[in-house]
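Note: the block below is coords.csv and it holds CSV, C-alpha atoms.
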```csv
chain,number,residue,atom,x,y,z
A,1,MET,CA,-30.8,-28.6,12.1
A,2,ARG,CA,-29.1,-25.8,14.0
A,3,VAL,CA,-25.5,-26.8,14.9
A,4,ALA,CA,-23.1,-24.8,17.0
A,5,ILE,CA,-19.5,-25.8,16.2
A,6,VAL,CA,-17.3,-24.9,19.2
A,7,THR,CA,-13.7,-25.3,18.0
A,8,GLU,CA,-10.3,-24.6,19.5
A,9,SER,CA,-9.1,-23.5,16.1
A,10,PHE,CA,-10.6,-22.2,12.8
A,11,PRO,CA,-9.2,-20.6,9.6
A,12,PRO,CA,-7.2,-18.6,8.9
A,13,ASP,CA,-5.4,-21.0,11.3
A,14,VAL,CA,-3.7,-23.9,9.4
A,15,ASN,CA,-4.0,-27.2,11.3
A,16,GLY,CA,-6.1,-30.4,11.3
A,17,VAL,CA,-8.7,-29.1,13.8
A,18,ALA,CA,-9.3,-25.9,11.9
A,19,HIS,CA,-9.5,-27.7,8.6
A,20,CYS,CA,-12.0,-30.3,9.8
A,21,ALA,CA,-14.1,-27.7,11.5
A,22,LEU,CA,-14.2,-25.7,8.3
A,23,ARG,CA,-15.2,-28.7,6.2
A,24,THR,CA,-17.9,-29.6,8.7
A,25,ALA,CA,-19.4,-26.1,8.6
A,26,GLU,CA,-19.3,-26.1,4.8
A,27,HIS,CA,-21.0,-29.5,4.6
A,28,LEU,CA,-23.8,-28.5,7.0
A,29,ALA,CA,-24.5,-25.3,5.0
A,30,ARG,CA,-24.5,-27.3,1.7
A,31,ARG,CA,-27.0,-29.7,3.1
A,32,GLY,CA,-29.4,-26.9,4.1
A,33,HIS,CA,-28.6,-26.9,7.9
A,34,ASP,CA,-27.8,-23.8,10.0
A,35,PRO,CA,-24.3,-24.0,11.4
A,36,LEU,CA,-22.6,-21.4,13.7
A,37,VAL,CA,-18.9,-21.5,14.5
A,38,ILE,CA,-17.5,-20.3,17.8
A,39,ALA,CA,-13.7,-20.1,17.8
A,40,PRO,CA,-10.8,-18.2,19.4
A,41,ALA,CA,-9.9,-14.9,17.8
A,42,GLY,CA,-6.4,-14.6,16.4
A,43,PRO,CA,-4.2,-11.8,15.0
A,44,GLN,CA,-5.3,-12.6,11.4
A,45,LEU,CA,-8.8,-12.2,10.2
A,46,PRO,CA,-10.2,-14.2,7.3
A,47,GLU,CA,-10.9,-12.4,4.0
A,48,PRO,CA,-14.5,-11.1,3.8
A,49,GLY,CA,-16.9,-13.7,2.5
A,50,GLN,CA,-14.6,-16.7,3.1
A,51,ASP,CA,-16.4,-18.1,6.1
A,52,PRO,CA,-19.2,-20.6,5.1
A,53,CYS,CA,-21.4,-19.5,8.0
A,54,PRO,CA,-21.5,-16.9,10.9
A,55,VAL,CA,-18.4,-17.1,13.1
A,56,VAL,CA,-18.2,-15.8,16.7
A,57,ARG,CA,-14.6,-15.0,17.6
A,58,VAL,CA,-13.9,-15.3,21.3
A,59,PRO,CA,-11.0,-13.2,22.7
A,60,SER,CA,-7.8,-15.3,23.1
A,61,LEU,CA,-4.1,-15.2,23.9
A,62,PRO,CA,-1.2,-17.0,22.2
A,63,LEU,CA,0.1,-20.1,24.0
A,64,PRO,CA,3.5,-19.2,25.6
A,65,GLY,CA,6.3,-20.7,23.5
A,66,TYR,CA,3.9,-21.7,20.7
A,67,PRO,CA,2.2,-18.6,19.5
A,68,GLN,CA,0.5,-20.4,16.6
A,69,VAL,CA,-1.9,-22.0,19.2
A,70,ARG,CA,-4.5,-19.6,20.7
A,71,VAL,CA,-6.1,-20.2,24.1
A,72,ALA,CA,-9.6,-18.7,24.5
A,73,LEU,CA,-10.1,-16.4,27.5
A,74,PRO,CA,-13.0,-16.9,30.0
A,75,GLY,CA,-16.2,-15.1,29.2
A,76,ARG,CA,-19.9,-15.4,28.5
A,77,ARG,CA,-19.7,-15.1,24.7
A,78,THR,CA,-19.8,-18.8,24.0
A,79,ALA,CA,-22.9,-19.5,26.1
A,80,ALA,CA,-24.7,-16.4,24.8
A,81,ALA,CA,-23.9,-17.3,21.2
A,82,ILE,CA,-25.3,-20.9,21.6
A,83,ALA,CA,-28.4,-19.6,23.3
A,84,ALA,CA,-29.0,-16.9,20.6
A,85,HIS,CA,-28.5,-19.4,17.8
A,86,ARG,CA,-31.3,-21.6,19.3
A,87,THR,CA,-28.9,-24.6,18.8
A,88,ASP,CA,-30.2,-28.1,18.5
A,89,ILE,CA,-26.8,-29.8,18.9
A,90,VAL,CA,-23.4,-28.7,19.9
A,91,HIS,CA,-20.3,-30.0,18.0
A,92,LEU,CA,-17.2,-29.8,20.2
A,93,ALA,CA,-14.1,-29.9,17.9
A,94,SER,CA,-11.1,-31.2,19.9
A,95,PRO,CA,-12.4,-29.8,23.2
A,96,PHE,CA,-9.8,-28.5,25.5
A,97,VAL,CA,-10.4,-24.9,26.8
A,98,LEU,CA,-13.1,-23.3,24.7
A,99,GLY,CA,-14.8,-26.7,24.2
A,100,VAL,CA,-15.1,-27.2,27.9
A,101,ARG,CA,-17.1,-24.0,28.1
A,102,GLY,CA,-19.1,-25.1,25.1
A,103,LEU,CA,-20.0,-28.3,26.9
A,104,ALA,CA,-20.9,-26.5,30.1
A,105,ALA,CA,-23.2,-24.2,28.1
A,106,ALA,CA,-24.8,-27.1,26.4
A,107,THR,CA,-25.4,-28.9,29.7
A,108,ARG,CA,-27.0,-25.8,31.2
A,109,LEU,CA,-29.2,-25.3,28.2
A,110,ARG,CA,-30.0,-29.0,28.0
A,111,ILE,CA,-28.6,-29.3,24.5
A,112,PRO,CA,-26.9,-32.6,23.5
A,113,ALA,CA,-23.2,-32.3,22.6
A,114,VAL,CA,-21.0,-34.4,20.3
A,115,ALA,CA,-17.3,-34.3,21.2
A,116,VAL,CA,-14.8,-34.9,18.4
A,117,TYR,CA,-11.5,-36.3,19.6
A,118,GLN,CA,-8.7,-34.9,17.4
A,119,THR,CA,-5.6,-34.1,19.6
A,120,ASP,CA,-3.5,-36.6,21.5
A,121,LEU,CA,-3.1,-34.4,24.6
A,122,ALA,CA,-1.5,-37.2,26.6
A,123,GLY,CA,1.2,-37.6,23.9
A,124,TYR,CA,1.8,-33.9,23.9
A,125,ALA,CA,2.2,-33.9,27.7
A,126,LYS,CA,4.8,-36.7,27.4
A,127,THR,CA,6.7,-34.8,24.7
A,128,TYR,CA,6.7,-31.3,26.3
A,129,LEU,CA,6.7,-32.2,30.0
A,130,ASN,CA,7.9,-35.8,30.1
A,131,ALA,CA,5.1,-36.2,32.6
A,132,GLY,CA,1.4,-35.4,33.0
A,133,GLU,CA,-0.1,-38.1,30.8
A,134,ALA,CA,-2.4,-39.3,33.6
A,135,ALA,CA,-3.6,-35.7,34.2
A,136,ALA,CA,-4.2,-35.2,30.4
A,137,TRP,CA,-6.3,-38.4,30.3
A,138,ARG,CA,-8.3,-37.2,33.3
A,139,ARG,CA,-9.2,-34.0,31.5
A,140,ILE,CA,-10.0,-35.9,28.2
A,141,ARG,CA,-12.1,-38.4,30.1
A,142,GLY,CA,-13.9,-35.6,32.1
A,143,VAL,CA,-14.8,-33.6,28.9
A,144,HIS,CA,-15.8,-36.6,26.7
A,145,THR,CA,-17.8,-38.3,29.4
A,146,GLY,CA,-20.1,-35.3,29.5
A,147,ALA,CA,-20.9,-35.5,25.8
A,148,ALA,CA,-23.7,-37.6,24.4
A,149,ARG,CA,-21.3,-39.2,22.0
A,150,THR,CA,-17.5,-39.1,21.3
A,151,LEU,CA,-16.3,-39.4,17.7
A,152,ALA,CA,-12.8,-40.6,17.1
A,153,PRO,CA,-11.0,-40.5,13.8
A,154,SER,CA,-9.2,-43.9,13.8
A,155,THR,CA,-9.5,-47.4,15.3
A,156,ALA,CA,-6.4,-46.6,17.4
A,157,SER,CA,-8.1,-43.6,18.8
A,158,VAL,CA,-11.2,-45.5,19.6
A,159,SER,CA,-9.2,-48.2,21.4
A,160,ALA,CA,-7.2,-45.6,23.4
A,161,LEU,CA,-10.4,-43.7,24.5
A,162,GLU,CA,-12.2,-46.9,25.5
A,163,GLY,CA,-9.1,-48.1,27.3
A,164,GLN,CA,-9.2,-44.9,29.4
A,165,GLY,CA,-12.8,-45.4,30.3
A,166,VAL,CA,-14.4,-42.9,27.9
A,167,PRO,CA,-18.0,-44.1,27.1
A,168,ARG,CA,-20.1,-43.9,23.9
A,169,VAL,CA,-17.1,-43.8,21.5
A,170,HIS,CA,-17.8,-44.1,17.8
A,171,LEU,CA,-15.6,-44.0,14.7
A,172,TRP,CA,-15.8,-41.0,12.4
A,173,PRO,CA,-12.9,-40.7,9.9
A,174,ARG,CA,-11.8,-37.7,7.9
A,175,GLY,CA,-12.4,-36.8,4.3
A,176,VAL,CA,-10.0,-35.7,1.6
A,177,ASP,CA,-10.4,-33.4,-1.4
A,178,SER,CA,-9.3,-35.9,-4.0
A,179,VAL,CA,-9.8,-33.4,-6.8
A,180,ARG,CA,-7.4,-30.8,-5.3
A,181,PHE,CA,-5.0,-33.5,-4.1
A,182,HIS,CA,-4.4,-35.4,-7.4
A,183,PRO,CA,-1.4,-37.0,-9.2
A,184,GLY,CA,-2.2,-34.8,-12.2
A,185,HIS,CA,-0.8,-31.8,-10.4
A,186,ARG,CA,2.8,-33.1,-10.6
A,187,ASP,CA,5.0,-30.2,-11.7
A,188,GLU,CA,8.2,-31.0,-13.5
A,189,GLU,CA,9.4,-27.4,-13.3
A,190,LEU,CA,9.0,-27.4,-9.6
A,191,ARG,CA,10.8,-30.7,-9.3
A,192,ARG,CA,13.8,-29.3,-11.2
A,193,GLU,CA,13.8,-26.3,-8.8
A,194,LEU,CA,13.7,-28.6,-5.7
A,195,ALA,CA,16.1,-31.3,-7.0
A,196,PRO,CA,18.2,-29.8,-9.9
A,197,ARG,CA,20.3,-33.0,-10.1
A,198,GLY,CA,17.3,-35.3,-10.4
A,199,GLU,CA,17.4,-36.4,-6.8
A,200,LEU,CA,14.6,-38.5,-5.2
A,201,ILE,CA,12.3,-35.9,-3.5
A,202,VAL,CA,11.2,-36.9,0.0
A,203,GLY,CA,8.7,-34.6,1.6
A,204,TYR,CA,7.3,-33.8,5.0
A,205,VAL,CA,4.2,-31.5,5.4
A,206,GLY,CA,2.9,-30.4,8.8
A,207,ARG,CA,3.6,-28.4,11.9
A,208,LEU,CA,7.3,-28.0,12.9
A,209,ALA,CA,7.0,-28.8,16.6
A,210,ALA,CA,8.6,-31.2,19.0
A,211,GLU,CA,5.8,-33.8,18.9
A,212,LYS,CA,6.2,-34.2,15.2
A,213,GLN,CA,9.8,-35.5,15.5
A,214,VAL,CA,10.8,-34.1,12.1
A,215,GLU,CA,14.5,-34.5,13.2
A,216,LEU,CA,14.1,-38.2,12.4
A,217,LEU,CA,14.7,-37.2,8.8
A,218,ALA,CA,18.3,-36.4,9.5
A,219,GLU,CA,19.6,-39.8,8.2
A,220,VAL,CA,17.5,-39.4,5.1
A,221,CYS,CA,19.2,-36.0,4.4
A,222,ALA,CA,22.5,-37.9,4.4
A,223,LEU,CA,21.5,-40.3,1.7
A,224,PRO,CA,23.1,-39.8,-1.7
A,225,GLY,CA,20.7,-38.8,-4.5
A,226,VAL,CA,18.0,-37.8,-2.1
A,227,ARG,CA,16.6,-34.3,-1.4
A,228,VAL,CA,14.4,-33.7,1.7
A,229,VAL,CA,11.7,-31.0,1.3
A,230,VAL,CA,9.9,-29.6,4.5
A,231,VAL,CA,6.6,-27.8,4.2
A,232,GLY,CA,5.3,-26.1,7.3
A,233,ASP,CA,6.1,-23.7,10.2
A,234,GLY,CA,6.4,-23.8,13.9
A,235,PRO,CA,8.7,-23.4,16.9
A,236,SER,CA,11.1,-26.1,15.9
A,237,LEU,CA,12.0,-24.5,12.6
A,238,PRO,CA,15.3,-22.9,13.7
A,239,GLY,CA,16.6,-26.2,15.2
A,240,LEU,CA,15.5,-28.3,12.2
A,241,LYS,CA,17.4,-26.1,9.8
A,242,THR,CA,20.5,-27.2,11.7
A,243,ALA,CA,19.4,-30.8,12.2
A,244,LEU,CA,18.5,-31.4,8.6
A,245,PRO,CA,21.5,-30.2,6.5
A,246,GLY,CA,20.7,-29.9,2.8
A,247,ALA,CA,16.9,-29.9,3.3
A,248,VAL,CA,14.7,-27.4,1.5
A,249,PHE,CA,12.3,-25.5,3.8
A,250,LEU,CA,9.4,-24.0,1.9
A,251,GLY,CA,7.4,-22.6,4.8
A,252,ARG,CA,3.7,-22.8,5.2
A,253,ARG,CA,1.8,-23.6,2.0
A,254,THR,CA,-1.9,-24.0,1.4
A,255,GLY,CA,-4.5,-24.7,-1.3
A,256,ASP,CA,-3.4,-25.4,-4.9
A,257,ASP,CA,0.2,-24.5,-4.1
A,258,LEU,CA,0.3,-27.2,-1.5
A,259,ALA,CA,-1.4,-29.7,-3.8
A,260,ARG,CA,1.3,-29.1,-6.5
A,261,ILE,CA,4.0,-29.7,-3.9
A,262,TYR,CA,2.4,-33.0,-2.7
A,263,ALA,CA,2.0,-34.3,-6.2
A,264,SER,CA,5.6,-33.4,-7.1
A,265,LEU,CA,7.1,-35.6,-4.3
A,266,ASP,CA,8.5,-39.1,-4.9
A,267,VAL,CA,8.0,-40.2,-1.2
A,268,PHE,CA,6.1,-38.7,1.7
A,269,CYS,CA,7.5,-39.2,5.2
A,270,HIS,CA,5.5,-38.5,8.3
A,271,THR,CA,7.5,-38.8,11.5
A,272,GLY,CA,5.2,-38.0,14.5
A,273,PRO,CA,3.9,-40.9,16.6
A,274,PHE,CA,1.0,-39.0,18.2
A,275,GLU,CA,-1.5,-38.6,15.3
A,276,THR,CA,-5.1,-39.4,16.0
A,277,PHE,CA,-5.7,-39.5,12.2
A,278,CYS,CA,-2.9,-37.8,10.2
A,279,GLN,CA,-4.6,-35.8,7.4
A,280,THR,CA,-1.3,-35.1,5.6
A,281,VAL,CA,-0.7,-38.8,5.0
A,282,GLN,CA,-4.2,-39.1,3.4
A,283,GLU,CA,-3.5,-36.0,1.3
A,284,ALA,CA,-0.2,-37.4,0.1
A,285,MET,CA,-1.9,-40.7,-0.8
A,286,ALA,CA,-4.6,-38.9,-2.7
A,287,SER,CA,-1.8,-37.1,-4.6
A,288,GLY,CA,-0.4,-40.5,-5.7
A,289,VAL,CA,2.6,-40.5,-3.4
A,290,PRO,CA,3.9,-43.6,-1.5
A,291,VAL,CA,4.0,-43.0,2.3
A,292,VAL,CA,6.5,-43.8,5.0
A,293,ALA,CA,4.9,-43.4,8.5
A,294,PRO,CA,5.2,-44.6,12.0
A,295,ALA,CA,3.2,-47.7,12.9
A,296,ALA,CA,1.2,-45.9,15.5
A,297,GLY,CA,-2.1,-44.0,15.8
A,298,GLY,CA,-4.0,-42.9,12.7
A,299,PRO,CA,-1.5,-44.1,10.1
A,300,LEU,CA,-2.3,-47.7,11.0
A,301,ASP,CA,-5.7,-47.2,9.4
A,302,LEU,CA,-4.4,-45.3,6.4
A,303,VAL,CA,-1.2,-47.0,5.3
A,304,ASP,CA,-1.5,-50.6,4.1
A,305,HIS,CA,2.1,-51.8,4.8
A,306,GLY,CA,3.6,-53.2,1.7
A,307,ARG,CA,0.8,-52.1,-0.6
A,308,THR,CA,0.3,-48.3,-0.3
A,309,GLY,CA,3.5,-47.5,1.7
A,310,LEU,CA,5.6,-48.6,4.5
A,311,LEU,CA,5.1,-48.5,8.3
A,312,VAL,CA,8.1,-48.2,10.6
A,313,PRO,CA,8.7,-48.4,14.3
A,314,PRO,CA,7.9,-45.0,15.9
A,315,GLY,CA,10.9,-42.8,16.7
A,316,ASP,CA,13.3,-45.0,14.7
A,317,ALA,CA,15.4,-42.7,12.4
A,318,THR,CA,17.3,-45.7,11.0
A,319,ALA,CA,14.0,-47.5,10.0
A,320,VAL,CA,12.9,-44.3,8.2
A,321,ARG,CA,16.1,-44.2,6.3
A,322,VAL,CA,16.0,-47.9,5.4
A,323,ALA,CA,12.4,-47.5,4.1
A,324,VAL,CA,13.4,-44.5,1.9
A,325,GLN,CA,16.4,-46.4,0.6
A,326,MET,CA,14.1,-49.3,-0.4
A,327,LEU,CA,11.8,-47.0,-2.3
A,328,HIS,CA,14.7,-45.1,-3.8
A,329,ALA,CA,16.2,-48.4,-5.1
A,330,ASP,CA,13.0,-49.6,-6.7
A,331,PRO,CA,11.1,-47.2,-9.0
A,332,ARG,CA,8.6,-49.8,-9.9
A,333,LEU,CA,7.7,-50.3,-6.3
A,334,ARG,CA,7.1,-46.6,-5.9
A,335,VAL,CA,4.8,-46.6,-8.9
A,336,ARG,CA,2.8,-49.6,-7.6
A,337,PHE,CA,2.5,-48.0,-4.1
A,338,ALA,CA,1.5,-44.7,-5.6
A,339,ALA,CA,-1.3,-46.1,-7.6
A,340,ALA,CA,-2.6,-48.2,-4.7
A,341,ALA,CA,-2.4,-45.2,-2.3
A,342,ARG,CA,-4.5,-43.1,-4.7
A,343,ALA,CA,-7.1,-45.8,-5.1
A,344,ALA,CA,-7.4,-46.4,-1.4
A,345,VAL,CA,-8.5,-42.9,-0.5
A,346,ALA,CA,-10.0,-41.4,-3.6
A,347,ALA,CA,-13.6,-42.2,-2.5
A,348,ARG,CA,-13.2,-40.8,1.0
A,349,THR,CA,-14.7,-37.4,0.1
A,350,TRP,CA,-15.7,-34.8,2.6
A,351,GLU,CA,-19.3,-35.2,1.4
A,352,ALA,CA,-19.4,-38.8,2.3
A,353,VAL,CA,-17.7,-38.2,5.7
A,354,GLY,CA,-20.0,-35.2,6.3
A,355,ASP,CA,-23.1,-37.4,5.8
A,356,LEU,CA,-21.8,-39.9,8.3
A,357,LEU,CA,-21.5,-37.0,10.8
A,358,LEU,CA,-25.2,-36.0,10.1
A,359,ASP,CA,-26.1,-39.6,10.9
A,360,HIS,CA,-24.4,-39.4,14.2
A,361,TYR,CA,-26.2,-36.1,15.0
A,362,ALA,CA,-29.5,-37.7,14.1
A,363,GLN,CA,-28.9,-40.7,16.3
A,364,VAL,CA,-27.9,-38.5,19.3
A,365,LEU,CA,-31.1,-36.4,18.9
A,366,VAL,CA,-33.2,-39.6,18.7
A,367,GLU,CA,-31.6,-40.9,21.8
A,368,ARG,CA,-32.2,-37.6,23.6
A,369,GLN,CA,-35.9,-37.6,22.6
A,370,ALA,CA,-36.2,-41.2,23.9
A,371,VAL,CA,-34.7,-40.3,27.2
A,372,ALA,CA,-37.0,-37.2,27.5
A,373,ALA,CA,-40.0,-39.4,26.7
```
Could you quickly redo this structure as structure tokens?
Amino acid sequence: MRVAIVTESFPPDVNGVAHCALRTAEHLARRGHDPLVIAPAGPQLPEPGQDPCPVVRVPSLPLPGYPQVRVALPGRRTAAAIAAHRTDIVHLASPFVLGVRGLAAATRLRIPAVAVYQTDLAGYAKTYLNAGEAAAWRRIRGVHTGAARTLAPSTASVSALEGQGVPRVHLWPRGVDSVRFHPGHRDEELRRELAPRGELIVGYVGRLAAEKQVELLAEVCALPGVRVVVVGDGPSLPGLKTALPGAVFLGRRTGDDLARIYASLDVFCHTGPFETFCQTVQEAMASGVPVVAPAAGGPLDLVDHGRTGLLVPPGDATAVRVAVQMLHADPRLRVRFAAAARAAVAARTWEAVGDLLLDHYAQVLVERQAVAA
């Protein structure tokens, strides 16, 4: 099967869309298929030999005010690459700008497209503009209606899309590398560096941007015997250094270094309410760390409240603090949550999730052949 993955982001970018697109390309190549990736070009190039398949880089510009996000420029390169690849199916990863052109090319070439919903654009519009949610949903609905099938990563996302009139929505979750993210990578030397007085280590991993609401950890920073550790980068970093006194900021971390940090935490806190899935929660759980997360979006599927972690009302800093206090006061509860969290996600491998994706592709191709017949 020849698959063109048109993605708004790809490594060396570090975000959920880029990571999922990379894992998809890797799985297709391992299973003997022929993937091609089309992605915006960025200032950094991957190391030679790192990409699992050919990658076409489309000229792009940084998003004003958020340079980590690249916006592809108009051009014919996307359509030409899909045609030259002799693509059987187009995979649109979080289609917004480049994905719209990928869908247009697929439509002209009469190639079925699968659209993967990964970004809550309506939530972002509310955060940054305090308006524009209806317009964001019109764009989402327009793009995804043109696809043969939409794949959403959580039941909350499925419900949101169907509620907005998007047709043909199916559930497709995300995998986790449960070998890399493993409790065995806990590092006592690192823990002593981060919390020299033996404090409870509470961590956040992710982008530092307004929609993530990391400032909700301010009350946690004020708790005695607690050290907050923040991993990530983004436009909110300067303000968060002021808002979270005493927190340790480690910057962006990846690979085995990130896995070591996850496993060395006592509690993982996610604060953003606009997650369609929330891969960092799943990675923390695979690392054997109890989770505190908002009762909204993707975490509703991941966190079993009272068994693998605690769900709190979105945007409630006091509820986050109270949840951390509960876990701080009860080490046995932390141990129980940690073991249950690891067990809940250990089997959710990228291989299993990738095979589910191949099933979706096959079903779309069969449906297209039936219509043609």
Mind running region 239-285 of chain A against region 332-342 of chain A at 12 Å and telling me each contacting residue's nearest atom pair with the distance in Å (one decimal), counting only C-alpha atoms, chain and number ascending, as JSON lines?
```
{"residue": "A:Ala263", "atom": "CA", "partner": "A:Ala338", "partner_atom": "CA", "distance": 10.4}
{"residue": "A:Leu265", "atom": "CA", "partner": "A:Ala338", "partner_atom": "CA", "distance": 10.8}
{"residue": "A:Asp266", "atom": "CA", "partner": "A:Arg334", "partner_atom": "CA", "distance": 7.7}
{"residue": "A:Val267", "atom": "CA", "partner": "A:Arg334", "partner_atom": "CA", "distance": 8.0}
{"residue": "A:Phe268", "atom": "CA", "partner": "A:Ala338", "partner_atom": "CA", "distance": 10.5}
{"residue": "A:Val281", "atom": "CA", "partner": "A:Ala341", "partner_atom": "CA", "distance": 9.9}
{"residue": "A:Gln282", "atom": "CA", "partner": "A:Ala341", "partner_atom": "CA", "distance": 8.5}
{"residue": "A:Glu283", "atom": "CA", "partner": "A:Arg342", "partner_atom": "CA", "distance": 9.3}
{"residue": "A:Ala284", "atom": "CA", "partner": "A:Ala341", "partner_atom": "CA", "distance": 8.5}
{"residue": "A:Met285", "atom": "CA", "partner": "A:Ala341", "partner_atom": "CA", "distance": 4.8}
```
Residue with the minimum atom-to-atom distance to Phe277 (chain A), picked from A:Val3, A:Ala156, A:Ala352, A:Ala218 with only C-alpha atoms counted, is A:Ala156
Using all atoms listed in the file, the best pick from A:Cys53, A:Val214, A:Leu244, A:Arg368 as closest to Ala147 (chain A) would be A:Arg368
Practice problem: Compare A:Pro12, A:His91, A:Leu121, A:Ala286 by their minimum atom-to-atom distance to Leu28 (chain A), counting only C-alpha atoms, and give me the closest one. | Solution: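 Smallest separation from Leu28 (chain A) among the options: A:His91.
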So that I can check the surroundings of Leu200 (chain A), please list as a list in words every protein, DNA and RNA residue that reaches within 10 Å of it, counting all atoms listed in the file and ignoring chain neighbours fewer than 3 positions away.
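Listing them by chain and then by number gives Arg191, Leu194, Ala195, Arg197, Gly203, Leu223, Pro224, Gly225, Val226, Arg227, Val228, Leu265, Asp266, Val267, Val324, Gln325, Leu327 and His328 of chain A.
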May I have a table of the residues of region 70-186 of chain A lying at most 8 Å from region 288-306 of chain A, giving each one's closest pair of atoms and their distance in Å to one decimal, counting only C-alpha atoms, ordered by chain and ascending residue number, as a tab-separated table?
```
residue	atom	partner	partner_atom	distance
A:Pro153	CA	A:Gly298	CA	7.5
A:Ser154	CA	A:Gly298	CA	5.4
A:Thr155	CA	A:Asp301	CA	7.0
A:Ala156	CA	A:Gly297	CA	5.3
A:Ser157	CA	A:Gly297	CA	6.7
A:His182	CA	A:Gly288	CA	6.7
A:Pro183	CA	A:Gly288	CA	5.0
```
Write a file of the selected residues as a short mmCIF file (atom, residue, chain, number, x, y, z; two decimals), in the frame of the given file, keeping C-alpha atoms.
```cif
data_model
loop_
_atom_site.label_atom_id
_atom_site.label_comp_id
_atom_site.auth_asym_id
_atom_site.auth_seq_id
_atom_site.Cartn_x
_atom_site.Cartn_y
_atom_site.Cartn_z
CA PRO A 153 -11.00 -40.50 13.80
CA SER A 154 -9.20 -43.90 13.80
CA THR A 155 -9.50 -47.40 15.30
CA ALA A 156 -6.40 -46.60 17.40
CA SER A 157 -8.10 -43.60 18.80
CA HIS A 182 -4.40 -35.40 -7.40
CA PRO A 183 -1.40 -37.00 -9.20
#
```
- Item | Counting all atoms listed in the file, the option among A:Pro238, A:Gly132, A:Pro196, A:Gly354 closest to Thr24 (chain A) |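 Nearest candidate to Thr24 (chain A) out of A:Pro238, A:Gly132, A:Pro196, A:Gly354: A:Gly354.
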Residues near Pro245 (chain A), cut-off 9 Å, only C-alpha atoms, skip fewer than 5 positions along chain, as a PyMOL selection string: chain A and resi 218+221-222+240
